[in-house]
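Listing of input.txt, compact mmCIF, C-alpha atoms
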# COMPACT_ATOMS: atom_id res chain seq x y z
CA MET N 13 -51.31 201.80 -146.18
CA SER N 14 -53.17 204.54 -144.38
CA THR N 15 -53.99 202.12 -141.57
CA ALA N 16 -50.28 201.37 -141.29
CA THR N 17 -49.55 205.09 -141.17
CA THR N 18 -52.17 205.58 -138.46
CA HIS N 19 -50.63 202.74 -136.49
CA ALA N 20 -47.15 204.25 -136.87
CA GLU N 21 -48.46 207.62 -135.65
CA ALA N 22 -50.12 205.95 -132.68
CA THR N 23 -46.87 204.15 -131.83
CA GLU N 24 -44.97 207.42 -132.10
CA ASN N 25 -47.47 209.17 -129.79
CA HIS N 26 -47.17 206.28 -127.38
CA GLU N 27 -43.38 206.57 -127.29
CA VAL N 28 -43.62 210.31 -126.69
CA GLU N 29 -46.00 209.63 -123.78
CA HIS N 30 -43.55 207.21 -122.20
CA HIS N 31 -40.42 209.31 -122.02
CA GLY N 32 -39.43 210.19 -118.49
CA LEU N 33 -36.38 210.02 -116.27
CA SER N 34 -33.74 207.38 -115.71
CA ASP N 35 -33.86 205.10 -112.67
CA LYS N 36 -30.96 207.01 -111.10
CA GLN N 37 -32.84 210.28 -111.47
CA TYR N 38 -35.92 208.72 -109.84
CA ILE N 39 -33.76 207.66 -106.89
CA VAL N 40 -32.34 211.19 -106.57
CA ILE N 41 -35.90 212.59 -106.55
CA ALA N 42 -36.89 210.06 -103.86
CA LEU N 43 -33.90 211.18 -101.76
CA ILE N 44 -35.00 214.81 -102.14
CA LEU N 45 -38.52 213.82 -101.03
CA ALA N 46 -37.06 211.95 -98.04
CA ALA N 47 -34.99 215.02 -97.08
CA LEU N 48 -38.08 217.25 -97.34
CA THR N 49 -40.00 214.80 -95.13
CA ALA N 50 -37.15 214.91 -92.59
CA ILE N 51 -37.41 218.72 -92.50
CA GLU N 52 -41.19 218.41 -92.01
CA VAL N 53 -40.73 216.01 -89.10
CA SER N 54 -38.05 218.28 -87.59
CA THR N 55 -40.74 220.95 -87.05
CA TYR N 56 -42.15 218.64 -84.38
CA TYR N 57 -38.89 218.81 -82.41
CA VAL N 58 -37.49 222.25 -83.31
CA ASP N 59 -39.34 225.52 -82.70
CA PHE N 60 -39.74 227.30 -86.04
CA GLY N 61 -41.66 230.18 -84.43
CA PRO N 62 -43.85 232.12 -86.85
CA PHE N 63 -42.40 230.14 -89.78
CA PHE N 64 -43.83 226.85 -88.49
CA MET N 65 -47.06 226.87 -90.51
CA PRO N 66 -45.68 228.42 -93.75
CA VAL N 67 -42.71 226.02 -93.78
CA LEU N 68 -44.97 222.98 -93.40
CA LEU N 69 -47.46 224.14 -96.04
CA ILE N 70 -44.72 225.06 -98.54
CA LEU N 71 -42.96 221.70 -98.02
CA MET N 72 -46.28 219.89 -98.49
CA VAL N 73 -46.93 221.68 -101.78
CA ILE N 74 -43.36 221.07 -103.02
CA LYS N 75 -43.58 217.33 -102.24
CA PHE N 76 -47.01 217.13 -103.90
CA VAL N 77 -45.79 218.85 -107.08
CA ILE N 78 -42.61 216.73 -107.25
CA VAL N 79 -44.53 213.45 -107.04
CA VAL N 80 -47.18 214.57 -109.53
CA SER N 81 -44.68 216.06 -112.00
CA TYR N 82 -41.96 213.40 -111.95
CA PHE N 83 -43.32 210.14 -110.53
CA MET N 84 -46.71 210.56 -112.24
CA HIS N 85 -44.98 211.96 -115.35
CA LEU N 86 -47.33 214.95 -115.71
CA LYS N 87 -44.34 217.16 -116.56
CA PHE N 88 -43.53 214.99 -119.57
CA ASP N 89 -47.02 213.85 -120.58
CA ASN N 90 -49.58 215.54 -122.77
CA LYS N 91 -50.95 218.76 -121.24
CA ILE N 92 -54.52 217.42 -121.42
CA PHE N 93 -53.73 215.08 -118.50
CA SER N 94 -52.46 218.03 -116.46
CA TYR N 95 -55.62 220.01 -117.21
CA LEU N 96 -57.83 217.07 -116.20
CA PHE N 97 -56.07 216.53 -112.90
CA TYR N 98 -55.41 220.11 -111.88
CA ALA N 99 -58.99 221.10 -112.86
CA GLY N 100 -60.28 218.54 -110.34
CA LEU N 101 -57.74 219.63 -107.75
CA LEU N 102 -58.41 223.37 -108.12
CA LEU N 103 -62.17 222.76 -108.08
CA ALA N 104 -61.79 220.77 -104.85
CA VAL N 105 -59.59 223.45 -103.23
CA ALA N 106 -61.99 226.25 -104.27
CA VAL N 107 -65.15 224.41 -103.19
CA TYR N 108 -63.77 223.36 -99.81
CA CYS N 109 -62.11 226.71 -99.07
CA GLY N 110 -65.56 228.22 -99.69
CA PHE N 111 -67.10 225.54 -97.47
CA LEU N 112 -64.62 226.23 -94.66
CA ALA N 113 -65.08 230.00 -95.06
CA THR N 114 -68.85 229.66 -94.48
CA PHE N 115 -68.03 228.05 -91.13
CA LYS N 116 -65.63 230.93 -90.32
CA PHE N 117 -62.75 228.42 -90.18
CA PHE N 118 -60.13 230.89 -91.37
CA LEU N 119 -61.29 233.61 -88.95
CA LYS N 120 -60.95 231.19 -86.05
CA GLN N 121 -57.41 230.31 -87.06
CA GLY N 122 -56.46 233.97 -87.26
CA MET D 225 -57.21 211.64 -149.35
CA ALA D 226 -60.58 209.94 -149.61
CA GLU D 227 -58.90 206.61 -148.91
CA SER D 228 -57.30 208.12 -145.83
CA ALA D 229 -60.63 209.51 -144.62
CA ILE D 230 -62.33 206.16 -145.10
CA ALA D 231 -59.49 204.41 -143.26
CA HIS D 232 -59.72 206.95 -140.46
CA ASP D 233 -63.49 206.47 -140.15
CA HIS D 234 -62.93 202.75 -140.14
CA GLY D 235 -60.41 203.07 -137.35
CA VAL D 236 -62.68 205.23 -135.23
CA SER D 237 -65.71 203.01 -135.62
CA HIS D 238 -63.99 199.68 -134.99
CA ASP D 239 -61.01 200.42 -132.75
CA ALA D 240 -62.14 200.91 -129.18
CA HIS D 241 -58.79 202.53 -128.22
CA ALA D 242 -58.72 205.16 -130.95
CA SER D 243 -59.42 208.73 -129.84
CA SER D 244 -59.50 212.10 -131.56
CA THR D 245 -56.66 213.31 -129.32
CA GLY D 246 -54.34 210.42 -130.21
CA LEU D 247 -54.04 209.72 -126.49
CA SER D 248 -54.90 206.57 -124.61
CA ASN D 249 -58.53 206.53 -123.47
CA ASN D 250 -57.53 204.38 -120.48
CA LYS D 251 -55.00 206.94 -119.30
CA MET D 252 -57.42 209.79 -119.91
CA GLY D 253 -60.03 207.92 -117.86
CA MET D 254 -57.58 207.33 -115.02
CA TRP D 255 -56.62 211.02 -114.83
CA MET D 256 -60.31 212.02 -114.82
CA PHE D 257 -60.91 209.51 -112.01
CA LEU D 258 -57.99 210.93 -110.01
CA GLY D 259 -59.28 214.47 -110.59
CA SER D 260 -62.66 213.40 -109.16
CA GLU D 261 -60.93 211.69 -106.24
CA CYS D 262 -59.50 215.11 -105.30
CA LEU D 263 -63.08 216.17 -104.57
CA LEU D 264 -63.69 213.11 -102.37
CA PHE D 265 -60.57 213.62 -100.28
CA GLY D 266 -61.04 217.40 -100.33
CA GLY D 267 -64.38 216.89 -98.60
CA LEU D 268 -62.94 214.52 -96.01
CA ILE D 269 -59.90 216.72 -95.30
CA SER D 270 -61.93 219.92 -94.95
CA THR D 271 -64.44 218.15 -92.69
CA TYR D 272 -61.57 217.00 -90.48
CA MET D 273 -60.08 220.51 -90.41
CA LEU D 274 -63.45 221.84 -89.29
CA TYR D 275 -64.05 219.26 -86.57
CA ARG D 276 -60.58 218.49 -85.25
CA GLY D 277 -60.99 220.95 -82.39
CA ARG D 278 -64.42 219.60 -81.43
CA VAL D 279 -63.52 217.20 -78.65
CA SER D 280 -66.46 216.92 -76.23
CA SER D 281 -65.09 213.73 -74.71
CA GLY D 282 -62.11 211.45 -75.18
CA PRO D 283 -58.50 212.34 -75.96
CA GLN D 284 -57.33 215.46 -77.80
CA PRO D 285 -55.50 215.01 -81.14
CA ASN D 286 -52.18 216.31 -79.77
CA ASN D 287 -52.32 213.85 -76.87
CA ILE D 288 -52.63 210.68 -78.90
CA PHE D 289 -50.71 211.24 -82.14
CA ASP D 290 -47.40 209.40 -82.22
CA ILE D 291 -45.45 211.57 -84.65
CA PRO D 292 -42.24 209.45 -84.79
CA PHE D 293 -44.30 206.33 -85.62
CA THR D 294 -46.41 208.09 -88.26
CA SER D 295 -43.27 209.67 -89.74
CA VAL D 296 -41.83 206.21 -90.35
CA SER D 297 -45.14 205.10 -91.94
CA SER D 298 -45.10 208.20 -94.17
CA PHE D 299 -41.51 207.49 -95.20
CA ILE D 300 -42.44 203.89 -96.08
CA LEU D 301 -45.35 205.05 -98.27
CA LEU D 302 -43.12 207.67 -99.91
CA MET D 303 -40.51 205.03 -100.74
CA SER D 304 -43.25 202.80 -102.18
CA SER D 305 -43.78 205.57 -104.76
CA LEU D 306 -40.12 205.18 -105.74
CA THR D 307 -40.44 201.40 -106.14
CA MET D 308 -43.66 201.92 -108.13
CA VAL D 309 -42.04 204.33 -110.56
CA LEU D 310 -39.12 201.89 -110.93
CA ALA D 311 -41.69 199.18 -111.80
CA VAL D 312 -43.20 201.47 -114.46
CA SER D 313 -39.72 202.22 -115.80
CA SER D 314 -38.91 198.48 -115.96
CA ALA D 315 -42.22 197.75 -117.70
CA GLN D 316 -41.47 200.38 -120.33
CA ARG D 317 -38.12 198.65 -120.96
CA LYS D 318 -40.07 195.35 -121.24
CA ASP D 319 -38.06 193.99 -118.31
CA ASP D 320 -40.71 191.66 -116.84
CA ARG D 321 -38.47 190.27 -114.08
CA ASN D 322 -37.70 193.66 -112.54
CA THR D 323 -41.26 194.86 -113.11
CA ASN D 324 -42.56 191.96 -111.00
CA LEU D 325 -39.86 192.54 -108.39
CA TRP D 326 -40.59 196.28 -107.95
CA LEU D 327 -44.36 195.71 -107.98
CA THR D 328 -44.01 193.07 -105.25
CA ILE D 329 -41.82 195.38 -103.13
CA THR D 330 -44.35 198.18 -103.62
CA ALA D 331 -47.18 195.90 -102.42
CA LEU D 332 -45.11 194.88 -99.38
CA LEU D 333 -44.33 198.51 -98.49
CA GLY D 334 -48.02 199.35 -98.90
CA ALA D 335 -48.98 196.42 -96.65
CA THR D 336 -46.48 197.67 -94.04
CA PHE D 337 -48.12 201.10 -94.16
CA VAL D 338 -51.63 199.62 -93.75
CA GLY D 339 -50.35 197.39 -90.92
CA GLY D 340 -49.01 200.53 -89.22
CA GLN D 341 -52.37 202.22 -89.65
CA VAL D 342 -54.21 199.25 -88.11
CA TYR D 343 -51.77 199.34 -85.17
CA GLU D 344 -52.31 203.10 -84.80
CA PHE D 345 -56.11 202.75 -84.86
CA THR D 346 -55.94 199.98 -82.25
CA ALA D 347 -53.70 202.10 -80.01
CA PHE D 348 -56.04 205.11 -80.35
CA TYR D 349 -59.08 202.97 -79.54
CA ARG D 350 -57.37 201.66 -76.40
CA GLU D 351 -56.65 205.23 -75.37
CA GLY D 352 -60.37 205.99 -75.58
CA LEU D 353 -60.82 207.40 -79.08
CA GLY D 354 -63.67 205.50 -80.75
CA PHE D 355 -65.43 206.38 -84.00
CA THR D 356 -68.31 208.04 -82.11
CA THR D 357 -66.36 209.44 -79.15
CA SER D 358 -66.17 212.96 -80.60
CA LEU D 359 -66.45 214.85 -83.87
CA PHE D 360 -62.65 214.80 -84.00
CA GLY D 361 -62.65 210.98 -83.73
CA SER D 362 -65.34 210.52 -86.38
CA SER D 363 -63.71 212.84 -88.90
CA PHE D 364 -60.21 211.45 -88.19
CA TYR D 365 -61.22 207.81 -88.64
CA ALA D 366 -63.33 208.64 -91.72
CA LEU D 367 -60.44 210.49 -93.42
CA THR D 368 -57.56 208.17 -92.58
CA GLY D 369 -59.80 205.09 -92.93
CA PHE D 370 -60.84 206.08 -96.46
CA HIS D 371 -57.19 206.60 -97.31
CA GLY D 372 -56.30 203.20 -95.81
CA VAL D 373 -59.02 201.56 -97.92
CA HIS D 374 -57.54 203.22 -101.02
CA VAL D 375 -54.08 201.88 -100.15
CA SER D 376 -55.57 198.40 -99.56
CA VAL D 377 -57.32 198.49 -102.94
CA GLY D 378 -53.98 199.52 -104.47
CA ILE D 379 -52.26 196.53 -102.84
CA ILE D 380 -54.93 194.17 -104.23
CA MET D 381 -54.43 195.69 -107.71
CA LEU D 382 -50.64 195.30 -107.41
CA ILE D 383 -50.90 191.66 -106.35
CA ALA D 384 -53.39 190.94 -109.15
CA LEU D 385 -51.09 192.70 -111.62
CA VAL D 386 -48.08 190.63 -110.57
CA GLY D 387 -50.15 187.44 -111.00
CA MET D 388 -51.40 188.51 -114.43
CA LEU D 389 -47.91 189.52 -115.58
CA ARG D 390 -46.48 186.17 -114.50
CA ASN D 391 -49.20 184.28 -116.37
CA ASN D 392 -48.93 186.64 -119.34
CA ARG D 393 -52.66 187.38 -119.13
CA ILE D 394 -52.58 191.12 -119.77
CA PRO D 395 -54.13 192.01 -123.12
CA GLY D 396 -52.59 194.93 -125.01
CA ASP D 397 -49.86 197.19 -123.71
CA LYS D 398 -48.42 195.80 -120.44
CA ALA D 399 -46.45 198.98 -119.73
CA GLU D 400 -49.59 201.08 -119.91
CA VAL D 401 -51.44 198.84 -117.43
CA VAL D 402 -48.50 199.09 -115.00
CA GLU D 403 -48.42 202.86 -115.51
CA LEU D 404 -52.18 203.22 -114.83
CA ILE D 405 -51.94 201.31 -111.55
CA GLY D 406 -48.82 203.36 -110.80
CA LEU D 407 -50.83 206.57 -111.24
CA TYR D 408 -53.38 205.32 -108.70
CA TRP D 409 -50.61 204.36 -106.29
CA HIS D 410 -48.86 207.72 -106.54
CA PHE D 411 -52.21 209.41 -105.98
CA VAL D 412 -52.70 207.69 -102.62
CA ASP D 413 -49.16 208.81 -101.77
CA ILE D 414 -49.83 212.48 -102.55
CA ILE D 415 -53.04 212.35 -100.52
CA TRP D 416 -51.00 211.04 -97.58
CA ILE D 417 -48.49 213.88 -98.06
CA ILE D 418 -51.40 216.27 -97.42
CA ILE D 419 -52.90 214.23 -94.57
CA PHE D 420 -49.55 213.87 -92.81
CA THR D 421 -49.01 217.63 -92.79
CA LEU D 422 -52.54 218.89 -92.09
CA VAL D 423 -53.68 216.16 -89.69
CA TYR D 424 -50.54 215.08 -87.84
CA LEU D 425 -47.94 217.87 -87.99
CA ILE D 426 -50.12 220.97 -87.67
CA PRO D 427 -51.62 220.99 -84.18
CA SER D 428 -55.30 221.82 -83.71
Starting from the file, give its structure as structure tokens.
Amino acid sequence: MSTATTHAEATENHEVEHHGLSDKQYIVIALILAALTAIEVSTYYVDFGPFFMPVLLILMVIKFVIVVSYFMHLKFDNKIFSYLFYAGLLLAVAVYCGFLATFKFFLKQG
Amino acid sequence: MAESAIAHDHGVSHDAHASSTGLSNNKMGMWMFLGSECLLFGGLISTYMLYRGRVSSGPQPNNIFDIPFTSVSSFILLMSSLTMVLAVSSAQRKDDRNTNLWLTITALLGATFVGGQVYEFTAFYREGLGFTTSLFGSSFYALTGFHGVHVSVGIIMLIALVGMLRNNRIPGDKAEVVELIGLYWHFVDIIWIIIFTLVYLIPS
């Protein structure tokens, strides 16, 4: 009885994990990503002036977050998965920003 | 209550998939792996950023990059993420036919991307950029080569998955297996999103 209950709970958890978007919504997101990529590529042909670098970096972050949130389902999944992934990501960014700072990388760019 | 506790203990000790969080251990393991992969690619990307201006001999980055060609490659890899998520969606609906179809298309798009990368490497080599030509060349080939290897491993996993699905040789939850490989595939896509911007679009 209790085993059956446990199994039912596990199934319920599993179903909660699997909810996401419809196929049409995935296609719309892919079109948005394609449009953002087109804007990125346009910076190669069009002079964005002082906005060149910020525009590219912001677009990169937006595309990254969209793929991780919607295609990888982190937005809908249990928060533990988000913590695991973003902990690794933030650790990497912090460690390598520190690494680049010791080589005066950011001073050179400025 | 006692019966429930005994049953719970029984479940924990004999069911390899049970966890105190109620979440799949496989999925947890995959996310931990992807988190650790951020450190690997973080190291390669930051090394490239540091060395991309160090060109003692051979061509400069801005002279050899073919942005229109790489943009098409990036678009192909981005669209492979769409086909992958459609495969996951089909697997969750238990639609084996469409799952196989989308997985196969994903593998083909991935192979097109890797083919483009091989072509690009060959073109760069002919223009005088070898692995040991300069620090820029070494760090560029190391970064994009590691990414290419990851994509190739993903293609092998996709092909193996299609074969196993067709022969019905996947034990347990098929949808979860497709989702796990999908997570890996999307990860190589997000790494390319970063590489495309930092390596190709932002000049040294």
Subject >> Close residues, D:Arg276 itself excluded, 8 Å, only C-alpha atoms, min 2 positions apart in chain, as an MDAnalysis selection string >> reply: chainID D and resid 272:274 278:279 285 359:361 363:364 428
Original post:
What lies within 7 Å of stretch 64-81 of chain N using all atoms listed in the file, ignoring chain neighbours under 6 positions off, as an MDAnalysis selection string?
Top reply: (chainID N and resid 45 48 52 55 87) or (chainID D and resid 414 417:418 421)
Subject >> Residue hits in chain N, query chain D, radius 8 Å, only C-alpha atoms, as JSON, numbers by chain >> reply: {"N": [14, 15, 18, 22, 25, 26, 30, 34, 35, 38, 39, 42, 45, 46, 49, 52, 53, 55, 56, 65, 68, 69, 72, 75, 76, 79, 80, 83, 84, 93, 96, 97, 98, 99, 100, 101, 103, 104, 105, 108, 109, 112, 115, 117]}
**OP:** Have a look at atom CA of N:Leu86 and atom CA of N:Ile44 and let me know their distance in Å, one decimal.
**Re:**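 Spanning atom CA of N:Leu86 to atom CA of N:Ile44 is a straight-line distance of 18.3 Å.
Atom pair atom CA of D:Ala347 / atom CA of D:Leu367 has a distance of 17.2 Å (rounded to one decimal).
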Original post:
D:Gly352: which residues within 12 Å, counting all atoms listed in the file, same-chain residues fewer than 4 positions away excluded, as number ranges by chain?
Top reply: D: 281-285, 287-288, 345-348, 356-358, 361
**OP:** Identify which of the residues D:Ser376, D:Thr368, D:Asn250, D:Ser243 lies closest to D:Leu332, counting only C-alpha atoms when measuring atom-to-atom distances.
**Re:**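 Distance minimum relative to D:Leu332 lands on D:Ser376.
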**OP:** Please measure the separation of atom CA of N:Tyr57 and atom CA of D:Phe293, giving the value in Å to one decimal.
**Re:** 14.0 Å
Original post:
With only C-alpha atoms as the basis for distance, which of D:Asn249, D:Tyr349, D:Ser280, D:Leu327 is at the shortest distance from D:Gly387?
Top reply: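 The shortest atom-to-atom distance to D:Gly387 comes from D:Leu327.
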